[in-house]
Amino acid sequence: MLNAAQERAVAYLQGPCLVIAGAGSGKTRVITHKIARLLRAGYAPGEIAAITFTNKAAAEMRERARDLLEQRQTAQQLLICTFHALGVRILREDGQALGLKPQFSILDSDDVTGLLREAGGTTEIKQARAWQWRISQWKSALLDPRQAAAGAADAEAAQAARVWERYQQALAAYQAVDFDDLMVLPLRLLQQHDEVRQRWNRRLRYILVDEYQDTSDAQYQLLRLLAGDDARFTAVGDDDQSIYGWRGATLENLRRLPEDYPNLEVIKLEQNYRSTNAILRAANAVIASNPKIYPKRLWSEHGDGEPVQVRDTDGEEDEAECIVSRLQALRGGRGCKWSEVAVLYRANHQSRPIEQALRRANIPYVVSGGQSFFDRTEIKDVCAYLRLLANPDDDPAFLRAVTTPRRGIGAATLKALGGFAAQWKVSMFEALFRDALPGVVGARQAEGLREFARLLHDIEWRERSEAAGDLLRELLQGIGYESWLGDNSDNPREAAQRWSHVNDLCDWIGRKATEDGVGLKRIAQTVALITQLGERGQQQDAVTLSTLHAAKGLEWPHVWLAGCDEGMLPLYSDERPLSDSGLEEERRLMYVGVTRARQTLSLSHCRRRRGGGGRGGRACEPSRFLTELRADLPAAGGRSEALARLQAMRKRLSAVETQES
DNA sequence: TTTGCGGTCCTTTTT
DNA sequence: GGACCGCAAA
């Protein structure tokens with residue numbers, strides 16, 4: 001059943017539509033029901049696109065659509081994907097018009113840092129990251145290197161613009177794109193090539209965008225072009241949940257939508273189906289000080305529920321112990337499942353003390369949003385081979401593959417090979433097949449390179465006829481990867497763990513290739529955008545640890561929001577002071593965290609926290625958000641007793657810890 | 001010329 | 001706890 005506002009949002013098909021969806025107001029429901037309504041109105045499944053920002057959101061949307069639609073096949077034909085995946089699709093099909101081969105590689109953030117170090121001629125990763133950040137901002141704002149250079153405020157910016165120019169040339173040479181290009185290049189393509197744009201307009205007749213408040217300039221422009229002149233789209237968003245300003249998202253896109261589309265229908269969803277009123281009051285108290293674009297008031301039919309709890313703790317370890325005892329109370333006291341609880345925090349590194357405490361207490365947990373599966377070195381190693389196989393122009397992939405495992409090829413040889421390749425105007429991998437190669441590198445090195453080339457060539461030769469999973473295993477066998485892992489891990493357990501990750505990847509690739517009926521090369525092209533493998537390996541019943549960013553869109557019955565300290569949430573430091581707009585975004589982040597909770601919410605503050613130079617850490621004030629929210633809470637009771645219990649427990653635990661280490 | 005080892009930094013958020 | 005750099009040995 002849909003409520004009145006939801007029904008209006010679903011039924012409105014005549015023109016552009018903006019749905020302001022408060023937290024927990026059922027926006028995914030609106031989107032999936034609208035898809036069903038569009039199908040009933042005569043749209044073909046392939047003509048409907050639903051665009052999200054994360055793979056997780058796309059996966060959930062797909063699942064919900066499948067549940068709702070009777071025809072499984074219909075659900076499969078829907079285009080439900082992330083903005084970036086859509087960009088990849090457009091570029092794979094039509095990128096030739098921009099000089100991009102269909103097998104182009106997608107570089108991840110680390111690859112980009114490495115490339116910028118080269119392009120900028122520095123070994124300093126800090127410098128490279130600074131350039132990376134600037135270039136990404138420029139790209140999101142749709143500038144080109146010339147405009148960036150012209151508008152550079154200082155020498156630093158001017159230098160970044162020059163580096164960008166060289167970096168972009170390198171990308172072109174490697175037939176590679178970065179994440180920002182996945183938005184910028186499709187946009188340029190549609191702007192410059194009318195026939196391509198018209199084709200996509202005919203193909204995608206209705207577009208739904210989730211989390212619209214997170215769109216960047218580039219994404220907004222792309223959306224406008226895809227929606228075409230008759231503007232058949234529904235944007236769903238919430239100005240209070242915009243938390244991606246740092247990667248180019250701008251609330252301006254939400255503000256300007258009624259101006260750009262005067263016939264825009266705006267519908268607000270204000271009934272919350274998720275949380276108790278105690279939690280909603282806390283959420284409202286936090287967000288109240290922010291300016292509003294579309295004012296709304298969340299309400300819920302759920303009762304008041306339990307009061308929100310605030311805990312002051314001595315430090316991160318103490319905080320972690322408090323969390324553990326709370327989790328145990330939830331489990332023991334009310335028979336909660338571990339999976340009904342989440343611990344949220346601002347920055348990834350905050351998970352560490354919490355993980356340690358959970359391990360000691362034997363509480364199962366999963367960390368979401370931290371280091372993703374595909375960030376692991378062993379996975380990146382294997383992916384380098386896959387990328388090289390798919391795209392021989394990908395020099396960064398070649399460099400990683402050819403040096404992992406070590407095969408007697410070092411820096412000097414690679415430098416010579418690079419020069420040789422440049423001279424012939426081919427990629428480094430292709431240079432291996434040139435007859436003149438032995439003249440440029442040492443005899444032993446030449447033999448090593450040749451063998452490497454033969455191996456990959458052989459795999460490629462059989463790529464069409466043999467199953468992807470088997471072929472990949474054979475490749476790993478050929479390079480002796482398992483024993484290399486053994487030699488390069490600190491202990492056998494770690495080696496086994498890493499090898500099992502590699503096996504998971506092989507399984508996944510084998511399965512995916514069979515499902516889609518394609519070979520290894522084709523799979524390799526899709527791997528770059530995937531950040532997590534499917535259900536496999538997932539813990540059955542475990543507490544979730546997550547950053548606030550990664551928690552967006554999710555919900556749990558019980559939520560603990562850790563580290564509510566000035567400087568941590570809102571996050572700032574002497575080097576990175578907080579601007580007005582920065583504070584507003586931090587506030588929205590807090591709001592997102594609070595609104596993840598269904599039944600109970602606990603917030604904690606550390607009086608001391610590591611870092612800041614001095615031994616023993618530095619003192620922390622409670623977050624100003626806590627102060628705002630606390631005004632609304634009854635005074636805490638029974639505190640001293642709980643404290644005594646905790647301290648006794650901590651003593652026991654530290655004794656155990658000493659034994660362990 | 002290549003490789004492995006140990007000391008030294010640093011830690012925002014994601015596709 | 002991790003990534004990176006410089007150094008010393010094969």
# chains A, B, ... in the order shown; residues from 1 in each chain; ligands from 1
>>> residues_around(residues="C:DC4", least_positions_apart="4", cutoff="12 Å", atoms="only C-alpha atoms (C1' of nucleotides)", output="list in words")
Thr123, Glu124, Ile125 and Lys126 of chain A; DG6, DG7, DT8, DC9 and DC10 of chain B
>>> write_last_selection(atoms="N, CA, C and O atoms (P, O5', C5', C4', C3', O3' and C1' of nucleotides)", output="mmCIF file, in the first residue's frame")
data_model
loop_
_atom_site.group_PDB
_atom_site.id
_atom_site.type_symbol
_atom_site.label_atom_id
_atom_site.label_comp_id
_atom_site.auth_asym_id
_atom_site.auth_seq_id
_atom_site.Cartn_x
_atom_site.Cartn_y
_atom_site.Cartn_z
ATOM 1 N N THR A 123 57.927 12.014 -6.275
ATOM 2 C CA THR A 123 57.717 10.765 -5.570
ATOM 3 C C THR A 123 56.768 10.975 -4.390
ATOM 4 O O THR A 123 56.374 10.037 -3.741
ATOM 5 N N GLU A 124 56.438 12.216 -4.133
ATOM 6 C CA GLU A 124 55.605 12.519 -2.978
ATOM 7 C C GLU A 124 54.149 12.178 -3.223
ATOM 8 O O GLU A 124 53.495 12.804 -4.056
ATOM 9 N N ILE A 125 53.641 11.210 -2.472
ATOM 10 C CA ILE A 125 52.244 10.875 -2.721
ATOM 11 C C ILE A 125 51.300 11.941 -2.185
ATOM 12 O O ILE A 125 50.209 12.114 -2.692
ATOM 13 N N LYS A 126 51.761 12.647 -1.170
ATOM 14 C CA LYS A 126 50.902 13.708 -0.651
ATOM 15 C C LYS A 126 50.604 14.742 -1.735
ATOM 16 O O LYS A 126 49.474 15.168 -1.918
ATOM 17 P P DG B 6 64.173 -7.353 9.080
ATOM 18 O "O5'" DG B 6 64.166 -5.823 9.522
ATOM 19 C "C5'" DG B 6 65.386 -5.068 9.493
ATOM 20 C "C4'" DG B 6 65.065 -3.594 9.437
ATOM 21 C "C3'" DG B 6 64.104 -3.108 10.543
ATOM 22 O "O3'" DG B 6 64.585 -1.864 11.032
ATOM 23 C "C1'" DG B 6 63.282 -2.457 8.452
ATOM 24 P P DG B 7 64.261 -1.400 12.471
ATOM 25 O "O5'" DG B 7 64.112 0.170 12.254
ATOM 26 C "C5'" DG B 7 65.130 0.912 11.568
ATOM 27 C "C4'" DG B 7 64.498 2.123 10.905
ATOM 28 C "C3'" DG B 7 63.606 2.955 11.840
ATOM 29 O "O3'" DG B 7 63.871 4.334 11.627
ATOM 30 C "C1'" DG B 7 62.378 2.302 9.920
ATOM 31 P P DT B 8 63.266 5.449 12.512
ATOM 32 O "O5'" DT B 8 62.105 6.014 11.563
ATOM 33 C "C5'" DT B 8 62.456 6.640 10.317
ATOM 34 C "C4'" DT B 8 61.199 7.117 9.618
ATOM 35 C "C3'" DT B 8 60.262 7.919 10.521
ATOM 36 O "O3'" DT B 8 59.877 9.113 9.865
ATOM 37 C "C1'" DT B 8 59.076 6.180 9.440
ATOM 38 P P DC B 9 59.416 10.344 10.680
ATOM 39 O "O5'" DC B 9 57.823 10.166 10.722
ATOM 40 C "C5'" DC B 9 57.050 11.157 10.084
ATOM 41 C "C4'" DC B 9 56.255 10.533 8.939
ATOM 42 C "C3'" DC B 9 54.758 10.716 9.142
ATOM 43 O "O3'" DC B 9 54.374 11.924 8.491
ATOM 44 C "C1'" DC B 9 55.279 8.458 8.513
ATOM 45 P P DC B 10 53.374 12.892 9.304
ATOM 46 O "O5'" DC B 10 52.014 12.331 8.713
ATOM 47 C "C5'" DC B 10 51.946 11.845 7.369
ATOM 48 C "C4'" DC B 10 50.797 10.867 7.328
ATOM 49 C "C3'" DC B 10 49.643 11.344 8.175
ATOM 50 O "O3'" DC B 10 48.606 11.886 7.363
ATOM 51 C "C1'" DC B 10 50.084 9.013 8.532
#
>>> select_by_dssp(residues="stretch 331-501 of chain A", states="helix (DSSP H, G or I)", output="ChimeraX atom specification")
/A:331-334,338-340,348-360,373-375,377-390,395-403,411-424,428-431,437-439,443-461,468-479,481-487,492-501
>>> residues_around(residues="stretch 547-561 of chain A", least_positions_apart="3", cutoff="9 Å", atoms="only C-alpha atoms (C1' of nucleotides)", output="tab-separated table (two decimals) with N, CA, C and O atoms (P, O5', C5', C4', C3', O3' and C1' of nucleotides), in the first residue's frame")
chain	number	residue	atom	x	y	z
A	23	ALA	N	14.12	10.99	5.31
A	23	ALA	CA	14.70	9.72	5.70
A	23	ALA	C	13.62	8.73	6.11
A	23	ALA	O	12.69	9.09	6.83
A	24	GLY	N	13.70	7.51	5.62
A	24	GLY	CA	12.77	6.47	6.02
A	24	GLY	C	11.35	6.66	5.51
A	24	GLY	O	10.42	6.06	6.01
A	57	ALA	N	23.15	0.16	-3.47
A	57	ALA	CA	21.81	0.68	-3.72
A	57	ALA	C	21.23	0.09	-5.00
A	57	ALA	O	20.05	-0.25	-5.06
A	241	GLN	N	20.10	15.10	3.35
A	241	GLN	CA	20.99	13.94	3.34
A	241	GLN	C	22.09	14.07	2.29
A	241	GLN	O	22.66	13.07	1.85
A	243	ILE	N	25.60	14.41	1.41
A	243	ILE	CA	26.84	14.24	2.15
A	243	ILE	C	28.04	13.99	1.25
A	243	ILE	O	29.06	13.49	1.68
A	244	TYR	N	27.90	14.34	-0.01
A	244	TYR	CA	29.01	14.09	-0.93
A	244	TYR	C	29.53	15.36	-1.60
A	244	TYR	O	30.06	15.32	-2.70
A	274	ARG	N	10.19	4.36	9.60
A	274	ARG	CA	11.33	3.64	10.13
A	274	ARG	C	11.48	3.78	11.63
A	274	ARG	O	11.60	2.80	12.35
A	275	SER	N	11.47	5.00	12.12
A	275	SER	CA	11.98	5.26	13.47
A	275	SER	C	10.89	5.62	14.46
A	275	SER	O	9.78	6.02	14.08
A	323	ILE	N	30.46	-0.12	24.04
A	323	ILE	CA	29.70	-0.65	22.91
A	323	ILE	C	29.49	-2.15	23.10
A	323	ILE	O	28.37	-2.66	22.94
A	330	LEU	N	21.84	-6.03	24.60
A	330	LEU	CA	20.79	-6.14	23.59
A	330	LEU	C	20.53	-7.60	23.26
A	330	LEU	O	19.39	-8.04	23.14
A	339	SER	N	22.87	-9.15	13.86
A	339	SER	CA	22.67	-8.42	12.60
A	339	SER	C	21.67	-7.28	12.74
A	339	SER	O	21.49	-6.51	11.81
A	340	GLU	N	21.03	-7.18	13.90
A	340	GLU	CA	20.08	-6.08	14.08
A	340	GLU	C	20.77	-4.83	14.63
A	340	GLU	O	20.10	-3.84	14.92
A	341	VAL	N	22.08	-4.91	14.79
A	341	VAL	CA	22.80	-3.80	15.40
A	341	VAL	C	23.88	-3.26	14.48
A	341	VAL	O	24.56	-4.04	13.80
A	342	ALA	N	24.03	-1.96	14.47
A	342	ALA	CA	25.13	-1.36	13.71
A	342	ALA	C	25.86	-0.35	14.58
A	342	ALA	O	25.25	0.32	15.40
A	343	VAL	N	27.17	-0.30	14.40
A	343	VAL	CA	27.98	0.74	15.03
A	343	VAL	C	28.50	1.63	13.91
A	343	VAL	O	29.15	1.15	12.98
A	344	LEU	N	28.18	2.91	13.99
A	344	LEU	CA	28.55	3.84	12.92
A	344	LEU	C	29.57	4.85	13.42
A	344	LEU	O	29.63	5.16	14.61
A	345	TYR	N	30.40	5.35	12.52
A	345	TYR	CA	31.43	6.31	12.88
A	345	TYR	C	31.79	7.13	11.66
A	345	TYR	O	31.42	6.82	10.54
A	346	ARG	N	32.56	8.21	11.92
A	346	ARG	CA	32.85	9.17	10.87
A	346	ARG	C	33.93	8.67	9.91
A	346	ARG	O	33.84	8.80	8.71
A	347	ALA	N	35.02	8.11	10.47
A	347	ALA	CA	36.17	7.78	9.63
A	347	ALA	C	36.54	6.31	9.77
A	347	ALA	O	36.44	5.74	10.86
A	348	ASN	N	36.99	5.73	8.71
A	348	ASN	CA	37.31	4.30	8.69
A	348	ASN	C	38.18	3.85	9.86
A	348	ASN	O	37.94	2.81	10.44
A	350	GLN	N	38.37	4.62	12.76
A	350	GLN	CA	37.71	4.48	14.05
A	350	GLN	C	37.23	3.06	14.32
A	350	GLN	O	36.89	2.70	15.44
A	351	SER	N	37.17	2.26	13.27
A	351	SER	CA	36.68	0.89	13.48
A	351	SER	C	37.68	0.05	14.27
A	351	SER	O	37.30	-0.94	14.89
A	367	VAL	N	32.72	-5.40	8.61
A	367	VAL	CA	33.04	-4.00	8.41
A	367	VAL	C	32.62	-3.64	7.00
A	367	VAL	O	33.12	-4.21	6.05
A	368	SER	N	31.69	-2.72	6.88
A	368	SER	CA	31.31	-2.34	5.54
A	368	SER	C	31.85	-0.95	5.27
A	368	SER	O	31.95	-0.13	6.16
A	369	GLY	N	32.24	-0.73	4.07
A	369	GLY	CA	32.70	0.59	3.71
A	369	GLY	C	34.18	0.81	3.92
A	369	GLY	O	34.73	1.77	3.42
A	370	GLY	N	34.84	-0.06	4.63
A	370	GLY	CA	36.27	0.09	4.83
A	370	GLY	C	37.02	-0.30	3.58
A	370	GLY	O	36.62	0.02	2.48
A	564	CYS	N	31.24	10.95	18.79
A	564	CYS	CA	30.57	12.24	18.59
A	564	CYS	C	31.37	13.31	19.33
A	564	CYS	O	30.94	13.82	20.36
A	589	LEU	N	25.51	14.76	7.86
A	589	LEU	CA	26.08	13.43	8.08
A	589	LEU	C	25.59	12.87	9.42
A	589	LEU	O	25.22	11.69	9.53
A	590	MET	N	25.60	13.72	10.42
A	590	MET	CA	25.08	13.33	11.73
A	590	MET	C	23.61	12.94	11.60
A	590	MET	O	23.15	11.94	12.15
A	592	VAL	N	22.06	11.83	8.96
A	592	VAL	CA	21.99	10.54	8.28
A	592	VAL	C	22.21	9.41	9.29
A	592	VAL	O	21.46	8.43	9.34
A	593	GLY	N	23.22	9.59	10.16
A	593	GLY	CA	23.51	8.55	11.15
A	593	GLY	C	22.34	8.33	12.10
A	593	GLY	O	21.91	7.19	12.32
A	594	VAL	N	21.79	9.41	12.62
A	594	VAL	CA	20.70	9.30	13.59
A	594	VAL	C	19.49	8.62	12.95
A	594	VAL	O	18.82	7.79	13.57
A	595	THR	N	19.21	8.95	11.71
A	595	THR	CA	18.00	8.43	11.08
A	595	THR	C	18.15	7.00	10.56
A	595	THR	O	17.23	6.48	9.94
A	596	ARG	N	19.33	6.37	10.81
A	596	ARG	CA	19.45	4.95	10.44
A	596	ARG	C	18.76	4.05	11.45
A	596	ARG	O	18.55	2.86	11.21
A	597	ALA	N	18.46	4.59	12.64
A	597	ALA	CA	17.98	3.75	13.75
A	597	ALA	C	16.47	3.59	13.72
A	597	ALA	O	15.74	4.55	13.47
A	598	ARG	N	16.02	2.39	13.97
A	598	ARG	CA	14.58	2.13	14.03
A	598	ARG	C	14.06	2.25	15.46
A	598	ARG	O	13.12	2.97	15.71
A	599	GLN	N	14.70	1.51	16.39
A	599	GLN	CA	14.14	1.44	17.74
A	599	GLN	C	14.98	2.14	18.80
A	599	GLN	O	14.47	2.89	19.61
A	600	THR	N	16.28	1.85	18.82
A	600	THR	CA	17.10	2.51	19.83
A	600	THR	C	18.32	3.14	19.19
A	600	THR	O	18.85	2.66	18.20
A	601	LEU	N	18.73	4.23	19.80
A	601	LEU	CA	19.88	4.96	19.32
A	601	LEU	C	20.76	5.33	20.51
A	601	LEU	O	20.27	5.86	21.51
A	602	SER	N	22.06	5.01	20.41
A	602	SER	CA	23.01	5.43	21.43
A	602	SER	C	24.09	6.26	20.77
A	602	SER	O	24.49	5.96	19.65
A	603	LEU	N	24.53	7.28	21.46
A	603	LEU	CA	25.58	8.14	20.93
A	603	LEU	C	26.68	8.20	21.96
A	603	LEU	O	26.40	8.22	23.16
A	604	SER	N	27.93	8.20	21.51
A	604	SER	CA	28.99	8.27	22.51
A	604	SER	C	30.05	9.30	22.14
A	604	SER	O	30.25	9.62	20.98
B	13	DT	P	38.22	7.76	5.60
B	13	DT	O5'	36.84	8.32	5.06
B	13	DT	C5'	35.67	7.56	5.17
B	13	DT	C4'	34.53	8.35	4.62
B	13	DT	C3'	34.28	8.04	3.16
B	13	DT	O3'	33.32	7.02	3.11
B	13	DT	C1'	34.08	10.39	3.65
B	14	DT	P	33.79	5.65	2.42
B	14	DT	O5'	33.28	5.87	0.93
B	14	DT	C5'	31.93	6.20	0.67
B	14	DT	C4'	31.71	6.22	-0.83
B	14	DT	C3'	32.17	4.95	-1.55
B	14	DT	O3'	31.24	4.65	-2.57
B	14	DT	C1'	33.34	6.82	-2.41
>>> interface_residues(of="chain A", to="chain B", cutoff="7 Å", atoms="only C-alpha atoms (C1' of nucleotides)", output="JSON, numbers by chain")
{"A": [84, 179, 347, 349, 408, 410, 549]}
>>> atom_distance(atom1="atom CA of A:Asp111", atom2="atom CA of A:Ala397")
8.9 Å
>>> interface_residues(of="chain C", to="chain A", cutoff="12 Å", atoms="only C-alpha atoms (C1' of nucleotides)", output="PyMOL selection string")
chain C and resi 1-5
>>> residues_around(residues="A:Glu463", least_positions_apart="5", cutoff="10 Å", atoms="only C-alpha atoms (C1' of nucleotides)", output="PyMOL selection string")
chain A and resi 389+457-458+468+471-472+518-522
>>> residues_around(residues="stretch 445-451 of chain A", least_positions_apart="4", cutoff="8 Å", atoms="only C-alpha atoms (C1' of nucleotides)", output="VMD selection string")
chain A and resid 402 407 to 409 413 432 to 433 437 to 438 441 455
>>> residues_around(residues="A:Leu79", least_positions_apart="2", cutoff="12 Å", atoms="only C-alpha atoms (C1' of nucleotides)", output="MDAnalysis selection string")
chainID A and resid 35 44:52 58:59 61:62 65 74:77 81:83 85:86 89 203:209
>>> select_by_dssp(residues="stretch 296-535 of chain A", states="strand (DSSP E)", output="list in words")
Trp299, Ser300, Gln309, Val310, Arg311, Asp312, Thr313, Val341, Ala342, Val343, Leu344, Tyr345, Tyr365, Val366, Val367 and Ser368 of chain A
>>> write_last_selection(atoms="N, CA, C and O atoms", output="compact mmCIF listing (two decimals), in the first residue's frame")
# COMPACT_ATOMS: atom_id res chain seq x y z
N TRP A 299 7.25 12.90 10.42
CA TRP A 299 6.44 12.39 11.53
C TRP A 299 6.26 10.89 11.37
O TRP A 299 6.49 10.33 10.29
N SER A 300 5.91 10.25 12.47
CA SER A 300 5.82 8.80 12.45
C SER A 300 4.63 8.34 13.26
O SER A 300 4.24 9.00 14.23
N GLN A 309 20.10 7.51 24.01
CA GLN A 309 21.10 7.51 25.07
C GLN A 309 22.39 8.19 24.63
O GLN A 309 22.84 7.99 23.51
N VAL A 310 22.97 8.95 25.56
CA VAL A 310 24.25 9.56 25.26
C VAL A 310 25.26 9.10 26.30
O VAL A 310 24.97 9.11 27.49
N ARG A 311 26.43 8.64 25.86
CA ARG A 311 27.45 8.15 26.77
C ARG A 311 28.72 8.97 26.65
O ARG A 311 29.21 9.19 25.54
N ASP A 312 29.23 9.39 27.79
CA ASP A 312 30.56 10.00 27.78
C ASP A 312 31.55 8.92 28.16
O ASP A 312 31.35 8.19 29.13
N THR A 313 32.63 8.79 27.40
CA THR A 313 33.60 7.74 27.69
C THR A 313 34.99 8.35 27.79
O THR A 313 35.23 9.45 27.32
N VAL A 341 22.08 -4.91 14.79
CA VAL A 341 22.80 -3.80 15.40
C VAL A 341 23.88 -3.26 14.48
O VAL A 341 24.56 -4.04 13.80
N ALA A 342 24.03 -1.96 14.47
CA ALA A 342 25.13 -1.36 13.71
C ALA A 342 25.86 -0.35 14.58
O ALA A 342 25.25 0.32 15.40
N VAL A 343 27.17 -0.30 14.40
CA VAL A 343 27.98 0.74 15.03
C VAL A 343 28.50 1.63 13.91
O VAL A 343 29.15 1.15 12.98
N LEU A 344 28.18 2.91 13.99
CA LEU A 344 28.55 3.84 12.92
C LEU A 344 29.57 4.85 13.42
O LEU A 344 29.63 5.16 14.61
N TYR A 345 30.40 5.35 12.52
CA TYR A 345 31.43 6.31 12.88
C TYR A 345 31.79 7.13 11.66
O TYR A 345 31.42 6.82 10.54
N TYR A 365 31.33 -9.71 13.53
CA TYR A 365 31.03 -8.40 12.93
C TYR A 365 31.48 -8.38 11.47
O TYR A 365 32.32 -9.18 11.06
N VAL A 366 30.88 -7.50 10.71
CA VAL A 366 31.35 -7.23 9.35
C VAL A 366 31.63 -5.74 9.23
O VAL A 366 30.86 -4.93 9.75
N VAL A 367 32.72 -5.40 8.61
CA VAL A 367 33.04 -4.00 8.41
C VAL A 367 32.62 -3.64 7.00
O VAL A 367 33.12 -4.21 6.05
N SER A 368 31.69 -2.72 6.88
CA SER A 368 31.31 -2.34 5.54
C SER A 368 31.85 -0.95 5.27
O SER A 368 31.95 -0.13 6.16
>>> closest_residue(among="A:Asn55, A:Ser573, A:Ser140, A:Ser105", to="A:Pro396", atoms="only C-alpha atoms")
A:Ser105
>>> atom_distance(atom1="atom CA of A:Trp246", atom2="atom CA of A:Ala148")
18.2 Å
>>> residues_around(residues="A:Glu156", least_positions_apart="3", cutoff="12 Å", atoms="only C-alpha atoms (C1' of nucleotides)", output="PyMOL selection string")
chain A and resi 127-128+130-131+134+148-149+151-153+159-163
>>> atom_distance(atom1="atom CA of A:Arg331", atom2="atom CA of A:Pro622")
28.2 Å
>>> closest_residue(among="A:Ile80, A:Val236, A:Val177, A:Val543", to="A:Gln328", atoms="only C-alpha atoms")
A:Val543
>>> decode(residues="chain B", atoms="C-alpha atoms (C1' of nucleotides)", output="PDB file, in the first residue's frame")
ATOM      1  C1'  DT B   1      70.484  -4.571 -11.294  1.00  0.00           C
ATOM      2  C1'  DT B   2      67.121  -6.667  -8.500  1.00  0.00           C
ATOM      3  C1'  DT B   3      65.072  -7.849  -4.286  1.00  0.00           C
ATOM      4  C1'  DG B   4      63.949  -8.003   0.588  1.00  0.00           C
ATOM      5  C1'  DC B   5      64.106  -5.726   5.014  1.00  0.00           C
ATOM      6  C1'  DG B   6      63.282  -2.457   8.452  1.00  0.00           C
ATOM      7  C1'  DG B   7      62.378   2.302   9.920  1.00  0.00           C
ATOM      8  C1'  DT B   8      59.076   6.180   9.440  1.00  0.00           C
ATOM      9  C1'  DC B   9      55.279   8.458   8.513  1.00  0.00           C
ATOM     10  C1'  DC B  10      50.084   9.013   8.532  1.00  0.00           C
ATOM     11  C1'  DT B  11      44.822   8.291   9.259  1.00  0.00           C
ATOM     12  C1'  DT B  12      37.696  11.816   5.849  1.00  0.00           C
ATOM     13  C1'  DT B  13      34.076  10.389   3.647  1.00  0.00           C
ATOM     14  C1'  DT B  14      33.336   6.824  -2.405  1.00  0.00           C
ATOM     15  C1'  DT B  15      32.698   5.483  -7.606  1.00  0.00           C
TER      16       DT B  15
END
